[in-house]
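First the structure, in the form of structure tokens, and then the observations on it.
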Amino acid sequence: MTKEKKPFEFYFITVLFSLLITVCFLQVLFRLVLNLPLAWTEELSRYIFIILVYLGASVAAKENKHVRIELIDNIVNPKVKRILDFIVKLLCAFSCLLISFNIKNLIINSFKANQLSAALRLPMAFLYLLVGGMFLLIAIRFLQNAYIILKNKEEKTSC
């Protein structure tokens with residue numbers, strides 16, 4: 001029995017999900033039991049959740065578990081399916097890179113305006129930078145899979 005190596009995102013997801021549960025528990029405890037609602041817990045849980053979604057998307061892209069329509073896969077032959085799969089991976093990577101690149105204007109404007117989050121007073125530029133970084137990570141995962149498709153073709157043709 002071999003133990004499969006998990007992507008590094010898995011460990012971040014585990015820590016962040018534990019933190020999310022703790023923060024939400026604190027909010028419920030302080031609001032309902034102590035009748036002292038905490039202003040920062042809702043905002044922190046929202047940011048943690050957003051990062052969790054993007055990390056999950058990165059893992060899904062790495063493990064080829066992302067949402068896709070398989071109707072065409074079932075109709076075409078394996079060679080065409082492989083070509084389509086490669087094109088889809090490149091298009092997904094391109095889309096993520098485009099978003100990651102275009103978010104830079106939002107980061108720059110937020111930094112110039114010294115925009116801070118409401119409760120935690122975190123620089124919004126940092127939070128937007130995290131989102132841009134997540135899209136970059138997802139793009140890298142799609143490009144890795146596209147490379148694997150090419151590499152597997154080269155291995156099959158060289159034998």
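Here, A, B, ... name the chains of the structure tokens in the order displayed, residue numbers run from 1 inside each chain, and ligands are numbered from 1 in the same displayed order.
Every protein, DNA or RNA residue with an atom at most 7 Å from A:Ser45, where only C-alpha atoms count and chain neighbours fewer than 5 positions away do not, is listed here: Leu20, Val23 and Cys24 of chain A.
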Quiz item: How would you write, as a PyMOL selection string, the set of residues in chain A that DSSP gives as helix (DSSP H, G or I)?
Solution: chain A and resi 8-33+39-62+71-75+78-112+124-158
Using C-alpha atoms, can you export the residues from the last selection as a short mmCIF file (atom, residue, chain, number, x, y, z; two decimals), in the first residue's frame?
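The resulting result_32.cif:
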data_model
loop_
_atom_site.label_atom_id
_atom_site.label_comp_id
_atom_site.auth_asym_id
_atom_site.auth_seq_id
_atom_site.Cartn_x
_atom_site.Cartn_y
_atom_site.Cartn_z
CA PHE A 8 0.80 21.51 -0.52
CA GLU A 9 -2.59 23.23 -0.86
CA PHE A 10 -4.15 20.37 1.08
CA TYR A 11 -2.26 21.36 4.23
CA PHE A 12 -3.22 25.02 3.89
CA ILE A 13 -6.83 23.98 3.39
CA THR A 14 -6.72 21.87 6.55
CA VAL A 15 -5.29 24.71 8.64
CA LEU A 16 -7.59 27.35 7.18
CA PHE A 17 -10.69 25.19 7.56
CA SER A 18 -9.81 24.56 11.22
CA LEU A 19 -9.32 28.29 11.68
CA LEU A 20 -12.66 29.00 9.97
CA ILE A 21 -14.49 26.62 12.31
CA THR A 22 -12.79 28.20 15.33
CA VAL A 23 -13.63 31.74 14.24
CA CYS A 24 -17.27 30.86 13.54
CA PHE A 25 -17.51 29.08 16.90
CA LEU A 26 -16.15 32.19 18.63
CA GLN A 27 -18.72 34.35 16.86
CA VAL A 28 -21.60 32.10 17.96
CA LEU A 29 -20.23 31.89 21.50
CA PHE A 30 -19.76 35.63 21.89
CA ARG A 31 -23.02 36.59 20.17
CA LEU A 32 -25.42 34.08 21.73
CA VAL A 33 -23.85 33.17 25.06
CA ALA A 39 -17.00 42.61 14.66
CA TRP A 40 -13.87 41.01 13.23
CA THR A 41 -14.98 37.36 13.13
CA GLU A 42 -17.43 37.75 10.26
CA GLU A 43 -14.87 39.55 8.10
CA LEU A 44 -12.09 37.10 8.91
CA SER A 45 -14.31 34.11 8.18
CA ARG A 46 -15.28 35.67 4.83
CA TYR A 47 -11.63 36.11 3.79
CA ILE A 48 -10.69 32.62 4.98
CA PHE A 49 -13.61 31.17 3.02
CA ILE A 50 -12.58 33.01 -0.15
CA ILE A 51 -9.02 31.69 0.09
CA LEU A 52 -10.37 28.19 0.81
CA VAL A 53 -12.44 28.31 -2.38
CA TYR A 54 -9.43 29.26 -4.50
CA LEU A 55 -7.16 26.69 -2.85
CA GLY A 56 -9.84 24.06 -3.48
CA ALA A 57 -10.00 25.13 -7.12
CA SER A 58 -6.23 24.75 -7.34
CA VAL A 59 -6.39 21.21 -5.93
CA ALA A 60 -9.25 20.38 -8.30
CA ALA A 61 -7.21 21.64 -11.25
CA LYS A 62 -4.16 19.66 -10.14
CA LEU A 71 -20.37 14.39 -23.21
CA ILE A 72 -17.76 15.13 -25.87
CA ASP A 73 -15.23 12.87 -24.12
CA ASN A 74 -17.59 9.92 -24.48
CA ILE A 75 -18.20 10.54 -28.22
CA PRO A 78 -8.97 8.84 -27.38
CA LYS A 79 -6.58 10.78 -29.64
CA VAL A 80 -9.10 13.59 -30.23
CA LYS A 81 -10.06 13.52 -26.53
CA ARG A 82 -6.40 14.02 -25.62
CA ILE A 83 -6.06 16.98 -28.00
CA LEU A 84 -9.28 18.54 -26.67
CA ASP A 85 -8.14 17.96 -23.11
CA PHE A 86 -4.84 19.72 -23.85
CA ILE A 87 -6.64 22.68 -25.46
CA VAL A 88 -9.07 22.93 -22.54
CA LYS A 89 -6.19 22.97 -20.04
CA LEU A 90 -4.45 25.73 -21.99
CA LEU A 91 -7.66 27.79 -22.22
CA CYS A 92 -8.29 27.40 -18.50
CA ALA A 93 -4.70 28.41 -17.72
CA PHE A 94 -4.97 31.38 -20.08
CA SER A 95 -8.23 32.51 -18.41
CA CYS A 96 -6.69 32.29 -14.95
CA LEU A 97 -3.55 34.13 -16.08
CA LEU A 98 -5.71 36.83 -17.66
CA ILE A 99 -7.62 37.34 -14.42
CA SER A 100 -4.42 37.28 -12.37
CA PHE A 101 -2.80 39.84 -14.67
CA ASN A 102 -5.83 42.16 -14.80
CA ILE A 103 -6.29 42.19 -11.04
CA LYS A 104 -3.06 44.20 -10.77
CA ASN A 105 -4.94 47.44 -11.49
CA LEU A 106 -7.25 46.73 -8.57
CA ILE A 107 -4.25 46.05 -6.34
CA ILE A 108 -2.45 49.23 -7.42
CA ASN A 109 -5.53 51.45 -7.01
CA SER A 110 -6.32 49.94 -3.62
CA PHE A 111 -2.72 50.46 -2.50
CA LYS A 112 -2.69 54.08 -3.68
CA MET A 124 -7.27 45.56 0.76
CA ALA A 125 -4.35 45.54 -1.68
CA PHE A 126 -2.96 42.53 0.21
CA LEU A 127 -6.30 40.72 0.03
CA TYR A 128 -6.60 41.42 -3.71
CA LEU A 129 -3.00 40.26 -4.12
CA LEU A 130 -3.96 36.96 -2.47
CA VAL A 131 -6.79 36.48 -4.97
CA GLY A 132 -4.47 37.27 -7.87
CA GLY A 133 -1.94 34.82 -6.47
CA MET A 134 -4.60 32.13 -6.18
CA PHE A 135 -5.54 32.55 -9.85
CA LEU A 136 -1.85 32.34 -10.74
CA LEU A 137 -1.56 29.10 -8.76
CA ILE A 138 -4.61 27.64 -10.52
CA ALA A 139 -3.09 28.59 -13.88
CA ILE A 140 0.14 26.83 -12.93
CA ARG A 141 -1.82 23.69 -12.03
CA PHE A 142 -3.59 23.72 -15.41
CA LEU A 143 -0.26 24.22 -17.19
CA GLN A 144 1.23 21.31 -15.23
CA ASN A 145 -1.58 19.07 -16.45
CA ALA A 146 -1.13 20.29 -20.03
CA TYR A 147 2.57 19.42 -19.75
CA ILE A 148 1.69 15.96 -18.42
CA ILE A 149 -0.58 15.40 -21.43
CA LEU A 150 2.29 16.34 -23.79
CA LYS A 151 4.82 14.29 -21.84
CA ASN A 152 2.63 11.18 -21.88
CA LYS A 153 2.20 11.49 -25.66
CA GLU A 154 5.96 11.70 -26.12
CA GLU A 155 6.46 8.61 -23.95
CA LYS A 156 3.91 6.60 -25.95
CA THR A 157 5.34 7.58 -29.33
CA SER A 158 8.96 6.95 -28.32
#
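Put simply, atom CA of A:Glu63 is 9.2 Å away from atom CA of A:Pro7.
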